[in-house]
file run_3.pdb (PDB, C-alpha atoms)
ATOM      1  CA  MET A   8       3.017 -21.478  -8.541
ATOM      2  CA  SER A   9       2.980 -21.420  -4.766
ATOM      3  CA  HIS A  10       5.718 -19.704  -2.813
ATOM      4  CA  ARG A  11       7.401 -21.240   0.207
ATOM      5  CA  VAL A  12       7.339 -17.875   1.945
ATOM      6  CA  THR A  13       3.931 -16.390   2.619
ATOM      7  CA  VAL A  14       3.169 -12.736   1.927
ATOM      8  CA  THR A  15       2.622 -12.255   5.667
ATOM      9  CA  THR A  16       6.122 -13.567   6.370
ATOM     10  CA  PHE A  17       7.577 -11.341   3.642
ATOM     11  CA  LEU A  18       5.778  -8.273   5.017
ATOM     12  CA  ASN A  19       6.993  -8.981   8.555
ATOM     13  CA  GLU A  20      10.597  -9.461   7.413
ATOM     14  CA  PHE A  21      10.467  -6.443   5.079
ATOM     15  CA  ALA A  22       9.127  -4.338   7.975
ATOM     16  CA  GLU A  23      12.059  -5.467  10.141
ATOM     17  CA  TYR A  24      14.457  -4.605   7.319
ATOM     18  CA  LEU A  25      12.952  -1.145   6.846
ATOM     19  CA  GLU A  26      13.060  -0.510  10.593
ATOM     20  CA  SER A  27      16.779  -1.273  10.548
ATOM     21  CA  ILE A  28      17.584   1.173   7.737
ATOM     22  CA  VAL A  29      14.895   3.864   7.655
ATOM     23  CA  LEU A  30      16.658   6.108  10.163
ATOM     24  CA  SER A  31      19.978   5.966   8.312
ATOM     25  CA  PRO A  32      21.259   9.398   7.297
ATOM     26  CA  GLU A  33      22.051   8.017   3.828
ATOM     27  CA  PRO A  34      19.484   8.349   1.015
ATOM     28  CA  LEU A  35      17.396   5.201   0.626
ATOM     29  CA  LEU A  36      16.221   3.704  -2.683
ATOM     30  CA  VAL A  37      14.556   0.285  -2.837
ATOM     31  CA  THR A  38      13.765  -1.114  -6.280
ATOM     32  CA  GLY A  39      12.634  -4.420  -7.638
ATOM     33  CA  ASP A  40       9.931  -6.824  -8.652
ATOM     34  CA  MET A  41       8.406  -8.134  -5.441
ATOM     35  CA  ASN A  42       5.295  -9.558  -7.127
ATOM     36  CA  ILE A  43       3.044  -7.407  -5.000
ATOM     37  CA  HIS A  44       0.534  -5.699  -7.272
ATOM     38  CA  VAL A  45       0.553  -2.220  -5.749
ATOM     39  CA  ASP A  46      -1.469  -0.933  -8.706
ATOM     40  CA  ASP A  47      -4.482  -3.068  -7.674
ATOM     41  CA  ALA A  48      -6.462  -1.279  -4.954
ATOM     42  CA  ASN A  49      -8.491  -4.469  -4.374
ATOM     43  CA  ASP A  50      -5.416  -6.630  -3.651
ATOM     44  CA  THR A  51      -5.317  -7.000   0.143
ATOM     45  CA  ASP A  52      -1.605  -7.893   0.107
ATOM     46  CA  ALA A  53      -0.848  -4.747  -1.896
ATOM     47  CA  VAL A  54      -2.894  -2.632   0.520
ATOM     48  CA  LYS A  55      -0.955  -4.085   3.470
ATOM     49  CA  PHE A  56       2.352  -3.431   1.662
ATOM     50  CA  LEU A  57       1.437   0.184   0.869
ATOM     51  CA  ASP A  58       0.225   0.700   4.452
ATOM     52  CA  LEU A  59       3.600  -0.597   5.667
ATOM     53  CA  LEU A  60       5.446   1.841   3.384
ATOM     54  CA  GLU A  61       3.302   4.735   4.578
ATOM     55  CA  SER A  62       3.841   3.828   8.228
ATOM     56  CA  MET A  63       7.610   3.911   7.610
ATOM     57  CA  GLY A  64       7.505   7.244   5.773
ATOM     58  CA  MET A  65       8.231   5.605   2.417
ATOM     59  CA  THR A  66       6.805   6.370  -1.037
ATOM     60  CA  GLN A  67       6.305   4.106  -4.082
ATOM     61  CA  HIS A  68       7.023   6.249  -7.164
ATOM     62  CA  VAL A  69       6.065   4.088 -10.162
ATOM     63  CA  ASN A  70       2.418   4.654 -11.034
ATOM     64  CA  THR A  71       2.226   3.214 -14.536
ATOM     65  CA  PRO A  72       2.368  -0.415 -15.677
ATOM     66  CA  THR A  73       5.872  -1.708 -16.363
ATOM     67  CA  HIS A  74       4.954  -5.340 -17.077
ATOM     68  CA  ARG A  75       3.540  -6.656 -20.346
ATOM     69  CA  ALA A  76       0.572  -8.057 -18.415
ATOM     70  CA  GLY A  77       0.164  -4.879 -16.332
ATOM     71  CA  HIS A  78       1.388  -4.247 -12.775
ATOM     72  CA  THR A  79       4.474  -2.282 -11.789
ATOM     73  CA  LEU A  80       8.041  -2.531 -10.681
ATOM     74  CA  LEU A  81       8.785  -0.874  -7.373
ATOM     75  CA  MET A  82      10.850   2.274  -6.855
ATOM     76  CA  ILE A  83      10.600   3.239  -3.200
ATOM     77  CA  THR A  84      12.261   6.103  -1.337
ATOM     78  CA  SER A  85      11.913   7.789   2.006
ATOM     79  CA  GLU A  86       9.497  10.699   1.864
ATOM     80  CA  PHE A  87      12.379  12.895   3.018
ATOM     81  CA  ASP A  88      14.890  11.850   0.337
ATOM     82  CA  CYS A  89      14.710  14.100  -2.712
ATOM     83  CA  MET A  90      16.415  11.815  -5.225
ATOM     84  CA  ILE A  91      13.389  11.323  -7.538
ATOM     85  CA  HIS A  92      12.617  14.642  -9.228
ATOM     86  CA  SER A  93       9.874  13.533 -11.615
ATOM     87  CA  GLU A  94       7.457  10.625 -11.916
ATOM     88  CA  PRO A  95       9.216   7.601 -13.433
ATOM     89  CA  SER A  96       7.975   6.601 -16.872
ATOM     90  CA  SER A  97       8.057   3.337 -18.796
ATOM     91  CA  ASP A  98      10.563   2.828 -21.588
ATOM     92  CA  ILE A  99      11.610  -0.111 -23.766
ATOM     93  CA  PHE A 100      10.767  -3.725 -22.854
ATOM     94  CA  TYR A 101      14.041  -5.605 -22.391
ATOM     95  CA  SER A 102      12.324  -8.578 -20.736
ATOM     96  CA  ASP A 103       8.779  -9.058 -19.448
ATOM     97  CA  HIS A 104       9.245  -5.684 -17.700
ATOM     98  CA  CYS A 105      10.200  -2.423 -19.315
ATOM     99  CA  SER A 106      12.862  -0.148 -17.937
ATOM    100  CA  ILE A 107      11.859   2.850 -15.837
TER     101      ILE A 107
END

call {"tool": "encode", "arguments": {"input": "run_3.pdb", "output": "structure tokens"}}
result
Amino acid sequence: MSHRVTVTTFLNEFAEYLESIVLSPEPLLVTGDMNIHVDDANDTDAVKFLDLLESMGMTQHVNTPTHRAGHTLLMITSEFDCMIHSEPSSDIFYSDHCSI
């Protein structure tokens, strides 16, 4: 299935969004299924996404597959927010993704 919005457009808009909120004094937690396979080091879109997070001082915390076909949901925080105290782990599959 092709998407109407390209990954480049998404990355540009997500970067603008992060720029608008990253300096907020409030803790920041971004979660979701963005269909960017951050677990695949050979995926150029994933590399660009992770580079964007790093440049904004953000960290992706889920390091294990959460989808039945592999890949992961995203749980992203600022490197300075201490709201994640241990590595998230997979739990029960309620849909095609398991809870984390």

call {"tool": "atom_distance", "arguments": {"input": "run_3.pdb", "atom1": "atom CA of Ser27 of chain A", "atom2": "atom CA of Asp50 of chain A"}}
result
26.9 Å

call {"tool": "atom_distance", "arguments": {"input": "run_3.pdb", "atom1": "atom CA of Val69 of chain A", "atom2": "atom CA of Asp46 of chain A"}}
result
9.2 Å

call {"tool": "resolve_selection", "arguments": {"input": "run_3.pdb", "expression": "the PyMOL selection byres ((chain A and resi 62) around 12)", "output": "list in words"}}
result
Ala22, Leu25, Glu26, Val29, Lys55, Phe56, Leu57, Asp58, Leu59, Leu60, Glu61, Met63, Gly64, Met65, Thr66, Ser85 and Glu86 of chain A

call {"tool": "atom_distance", "arguments": {"input": "run_3.pdb", "atom1": "atom CA of Arg11 of chain A", "atom2": "atom CA of Leu36 of chain A"}}
result
26.6 Å

call {"tool": "resolve_selection", "arguments": {"input": "run_3.pdb", "expression": "the PyMOL selection byres ((chain A and resi 37-44) around 8)", "output": "list of chain:residue names"}}
result
A:Leu35, A:Leu36, A:Val45, A:Asp46, A:Asp47, A:Asp50, A:Asp52, A:Ala53, A:Phe56, A:His78, A:Thr79, A:Leu80, A:Leu81, A:Met82, A:Ile83, A:Thr84

call {"tool": "write_last_selection", "arguments": {"input": "run_3.pdb", "atoms": "C-alpha atoms", "output": "short mmCIF file (atom, residue, chain, number, x, y, z; two decimals), keeping the file's coordinate frame"}}
result
data_model
loop_
_atom_site.label_atom_id
_atom_site.label_comp_id
_atom_site.auth_asym_id
_atom_site.auth_seq_id
_atom_site.Cartn_x
_atom_site.Cartn_y
_atom_site.Cartn_z
CA LEU A 35 17.40 5.20 0.63
CA LEU A 36 16.22 3.70 -2.68
CA VAL A 45 0.55 -2.22 -5.75
CA ASP A 46 -1.47 -0.93 -8.71
CA ASP A 47 -4.48 -3.07 -7.67
CA ASP A 50 -5.42 -6.63 -3.65
CA ASP A 52 -1.60 -7.89 0.11
CA ALA A 53 -0.85 -4.75 -1.90
CA PHE A 56 2.35 -3.43 1.66
CA HIS A 78 1.39 -4.25 -12.78
CA THR A 79 4.47 -2.28 -11.79
CA LEU A 80 8.04 -2.53 -10.68
CA LEU A 81 8.78 -0.87 -7.37
CA MET A 82 10.85 2.27 -6.86
CA ILE A 83 10.60 3.24 -3.20
CA THR A 84 12.26 6.10 -1.34
#
